[in-house]
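Below is one structure; the comments refer to it alone.
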Amino acid sequence: MKVLQLLLLAALATVPGWSQDLVGLYLMWQSDPATTMTVNWVDLHANSSLDVHYRRVGETAWSKATGAKFSISDTTMQGRRVELKGLMPDTYYEFNIGKGIEKPTEGWRFRTMPRDLNRPVRFVTGGDMMHTRQKLDKATGSAAALDPDFALLVGDLAYANGVSSNRWVEWLKSWMERAVSPDGRLIPMVVGIGNHEVRGGTNGKIPEDAPFFYSLFRTPEQRSYYALDFGNYMSILVLDTAHTVPVAGTQAQWLEGALAARKDKQFVFVGYHYPAYGTTKAPKGGTPLDAKRSIEIREHWMPIWEKHGVTAVFENDHHNFKRTHRLRQHKRDDANGIVYLGDGAWAVQTRTVPDLANGWWLAKAEGRNHVWEVKLRANGTSTVRAIDIDGKEFDKLDIATPRTKPVE
Ligand SMILES: [Fe+2]
């Protein structure tokens with residue numbers, strides 16, 4: 001299969017104009033992942049086509065959908081976005097994009113998500129992605145080799161700090177070339193915001209301070225916090241850990257309503273950038289748990305997901321691997337606790353972790369690049385694995401029940 005990918009890339013590289021003109025091509029969802037797909041691309045031509053031609057694999061006739069332009073911060077790059085609707089669930093499609101930059105043969109491929117959990121569903125997640133392009137390429141290639149349905153990328157993607165268009169170009173190109181499944185399918189992304197999406201790489205800002213994030217990515221609710229529902233079997237809630245929206249207030253109120261409205265969802269995952277149960281960045285004389293934002297998350301969000309129940313929580317930003325014990329009410333609770341998985345080390349330089357004797361919340365921690373791979377099964381069980389940058393599994397956790405709720 002690797003050979004097939006290499007041949008594909010070699011073929012693309014020989015198409016005149018392809019590699020120079022197309023900066024990025026990436027798939028996302030604004031609505032139902034079983035019946036829609038948003039095709040986004042970035043090129044350098046102001047008048048390039050807005051059309052996507054697509055068909056089910058095996059069909060002869062092409063359909064056409066025409067999208068809209070979007071500008072990318074204050075650069076001359078040209079964003080194009082087309083939401084394909086009315087697709088069939090769990091089905092392979094092939095597509096071509098605007099004139100002059102289409103792939104010459106049958107087009108790129110994607111697969112819609114199943115409407116029901118009638119086959120195992122698998123996704124990968126992580127954050128803190130690009131210190132160097134070379135390492136990002138390798139890490140994304142290893143993640144793609146796991147054949148995930150999609151990737152949940154939660155913050156500090158290009159390390160562009162709201163200003164560096166070059167870093168976004170590198171990140172987008174890397175994704176287009178490497179986030180390809182073994183059978184040649186482009187892997188869709190679900191994204192969240194981190195501090196390095198914001199001007200100056202800081203926090204406590206407003207959306208206007210993260211111009212690339214908000215222009216490149218069109219999320220279901222057009223915000224940095226939102227829910228994405230996969231039939232009745234899974235919901236993913238993405239949150240903004242005070243990068244452009246405060247933790248408390250509107251976002252916390254939305255979280256309460258969003259979880260209350262999803263009582264019937266089989267699996268629910270929460271993902272955000274800055275951790276409540278981190279592994280580094282301890283304030284002077286304290287532990288990582290004493291960081292102001294970690295306290296805020298535990299105060300304003302944690303009681304909400306402890307009340308409604310979630311499957312697991314994904315955290316990032318600290319550039320390590322970590323798995324917490326099962327936790328509830330800020331204590332270890334092996335029977336009814338929720339596990340926090342992190343800590344954002346897709347392809348960045350890793351850091352040091354606390355000695356486990358000084359980190360009561362940690363079951364395991366290590367400075368190691370990795371992604372988390374989540375696999376859901378129809379029988380209501382799921383398995384989460386940590387896979388390192390060389391594709392090696394080094395941690396594994398079976399989650400017996402879809403959602404951990406307090407004992408009534
Ligand atoms: Fe970060």
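Every chain in the structure tokens has a letter given in the order shown (A, B, ...), and although residue numbers restart at 1 in each chain, ligands are simply numbered from 1 in the order shown.
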To check your reading of the model: which residues sit at most 9 Å from ligand 1 when counting only C-alpha atoms and all ligand atoms? Write the answer as a ChimeraX atom specification. /A:127-128,155-156,159,194-197,201-202,273-274,316-319,344
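The shell of residues at most 6 Å from Leu152 of chain A, with only C-alpha atoms counted and near chain neighbours (fewer than 5 positions) removed, consists of Thr125, Met189, Val190 and Val191 of chain A.
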When you look at segment 75-80 of chain A with a cut-off of 8 Å (counting only C-alpha atoms), what residues show up, excluding the ones that are within fewer than 5 positions of it in the same chain? I need them as a PDB file with N, CA and C atoms, in the first residue's frame.
```pdb
ATOM      1  N   ASN A  40     -12.083  21.999   0.866  1.00  0.00           N
ATOM      2  CA  ASN A  40     -11.426  23.303   0.930  1.00  0.00           C
ATOM      3  C   ASN A  40     -10.118  23.213   0.147  1.00  0.00           C
ATOM      4  N   TRP A  41      -9.817  24.263  -0.628  1.00  0.00           N
ATOM      5  CA  TRP A  41      -8.479  24.285  -1.203  1.00  0.00           C
ATOM      6  C   TRP A  41      -7.958  25.706  -1.303  1.00  0.00           C
ATOM      7  N   VAL A  42      -6.655  25.797  -1.407  1.00  0.00           N
ATOM      8  CA  VAL A  42      -5.978  27.084  -1.440  1.00  0.00           C
ATOM      9  C   VAL A  42      -5.065  27.081  -2.651  1.00  0.00           C
ATOM     10  N   ASP A  43      -5.247  28.075  -3.540  1.00  0.00           N
ATOM     11  CA  ASP A  43      -4.325  28.193  -4.662  1.00  0.00           C
ATOM     12  C   ASP A  43      -3.900  29.650  -4.809  1.00  0.00           C
ATOM     13  N   LEU A  44      -3.239  29.949  -5.921  1.00  0.00           N
ATOM     14  CA  LEU A  44      -2.640  31.275  -6.049  1.00  0.00           C
ATOM     15  C   LEU A  44      -3.265  32.092  -7.175  1.00  0.00           C
ATOM     16  N   HIS A  45      -4.385  31.611  -7.727  1.00  0.00           N
ATOM     17  CA  HIS A  45      -4.994  32.287  -8.872  1.00  0.00           C
ATOM     18  C   HIS A  45      -6.322  32.915  -8.487  1.00  0.00           C
ATOM     19  N   ALA A  46      -6.401  34.228  -8.655  1.00  0.00           N
ATOM     20  CA  ALA A  46      -7.612  34.949  -8.248  1.00  0.00           C
ATOM     21  C   ALA A  46      -8.847  34.474  -9.002  1.00  0.00           C
ATOM     22  N   LEU A  50     -14.310  27.566  -9.142  1.00  0.00           N
ATOM     23  CA  LEU A  50     -14.883  27.248  -7.825  1.00  0.00           C
ATOM     24  C   LEU A  50     -15.607  25.908  -7.851  1.00  0.00           C
ATOM     25  N   GLY A  67     -18.698  26.288  -5.339  1.00  0.00           N
ATOM     26  CA  GLY A  67     -18.559  26.835  -3.996  1.00  0.00           C
ATOM     27  C   GLY A  67     -18.309  28.326  -3.987  1.00  0.00           C
ATOM     28  N   ALA A  68     -17.621  28.781  -2.974  1.00  0.00           N
ATOM     29  CA  ALA A  68     -17.367  30.210  -2.793  1.00  0.00           C
ATOM     30  C   ALA A  68     -15.895  30.437  -2.479  1.00  0.00           C
ATOM     31  N   LYS A  69     -15.479  31.683  -2.711  1.00  0.00           N
ATOM     32  CA  LYS A  69     -14.102  32.065  -2.389  1.00  0.00           C
ATOM     33  C   LYS A  69     -14.035  32.482  -0.927  1.00  0.00           C
ATOM     34  N   PHE A  70     -12.866  32.351  -0.343  1.00  0.00           N
ATOM     35  CA  PHE A  70     -12.642  33.016   0.937  1.00  0.00           C
ATOM     36  C   PHE A  70     -11.231  33.575   0.955  1.00  0.00           C
ATOM     37  N   SER A 165       2.201  33.424   7.265  1.00  0.00           N
ATOM     38  CA  SER A 165       1.509  32.678   6.203  1.00  0.00           C
ATOM     39  C   SER A 165       2.390  31.531   5.701  1.00  0.00           C
ATOM     40  N   LEU A 216      -9.295  29.888   7.450  1.00  0.00           N
ATOM     41  CA  LEU A 216      -9.037  28.583   6.818  1.00  0.00           C
ATOM     42  C   LEU A 216     -10.094  27.546   7.198  1.00  0.00           C
TER      43      LEU A 216
END
```
Quick one: residues within 7 Å of Glu83 of chain A, only C-alpha atoms counted, chain neighbours fewer than 3 positions away excluded, as number ranges by chain? A: 36-39
Show which residues sit within 10 Å of segment 328-340 of chain A, as a ChimeraX atom specification. Count only C-alpha atoms, and ignore same-chain residues fewer than 6 positions away. /A:270-271,275-278,298-299,302-303,305-306,309-315,322,360-363,397,399,403-407
Can you pull out the residues contacting Thr352 of chain A? Cut-off 9 Å, using only C-alpha atoms, and skip same-chain residues under 6 positions away; I want them as a ChimeraX atom specification. /A:279-280,319-320,366-367
Residues of segment 21-116 of chain A at most 10 Å from segment 232-244 of chain A: nearest atom pair and distance in Å, only C-alpha atoms, as a tab-separated table:
```
residue	atom	partner	partner_atom	distance
A:Pro114	CA	A:Tyr233	CA	9.7
A:Arg115	CA	A:Asn232	CA	8.0
A:Asp116	CA	A:Tyr233	CA	6.6
```
Per-residue DSSP, segment 221-335 of chain A, filtered to helix (DSSP H, G or I), as a VMD selection string: chain A and resid 250 to 260 288 to 290 292 to 300 302 to 308
Identify, on the basis of only C-alpha atoms, every residue whose closest approach to Lys392 of chain A does not exceed 10 Å; exclude the query and any residue fewer than 4 positions from it along the same chain; express the result as a list of chain:residue names. A:Ser142, A:His370, A:Arg385, A:Ala386, A:Ile387, A:Asp388
Given the selection you just returned, output its residues as a file containing C-alpha atoms, formatted as a CSV table (one decimal), in the first residue's frame.
```
chain,number,residue,atom,x,y,z
A,142,SER,CA,2.5,7.5,10.6
A,370,HIS,CA,2.5,10.3,19.5
A,385,ARG,CA,-4.1,3.4,21.9
A,386,ALA,CA,-1.0,5.7,22.0
A,387,ILE,CA,1.0,5.3,18.8
A,388,ASP,CA,4.4,6.9,18.5
```
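Within segment 146-209 of chain A, DSSP applied to the backbone places the following residues in strand (DSSP E): A:Phe150, A:Ala151, A:Leu152, A:Leu153, A:Val154, A:Met189, A:Val190, A:Val191, A:Gly192.
For the choices A:Leu117, A:Leu341, A:Ala291, A:Val23, the atom-to-atom distance to Asn379 of chain A is smallest for A:Leu117 when using only C-alpha atoms.
Counting only C-alpha atoms and comparing A:Pro288, A:Phe212, A:Lys281, A:Glu296, the residue that lies closest to Asp74 of chain A is A:Phe212.
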Figure out the distance between atom CA of Arg377 of chain A and atom CA of Phe267 of chain A, please, to one decimal in Å. 10.2 Å
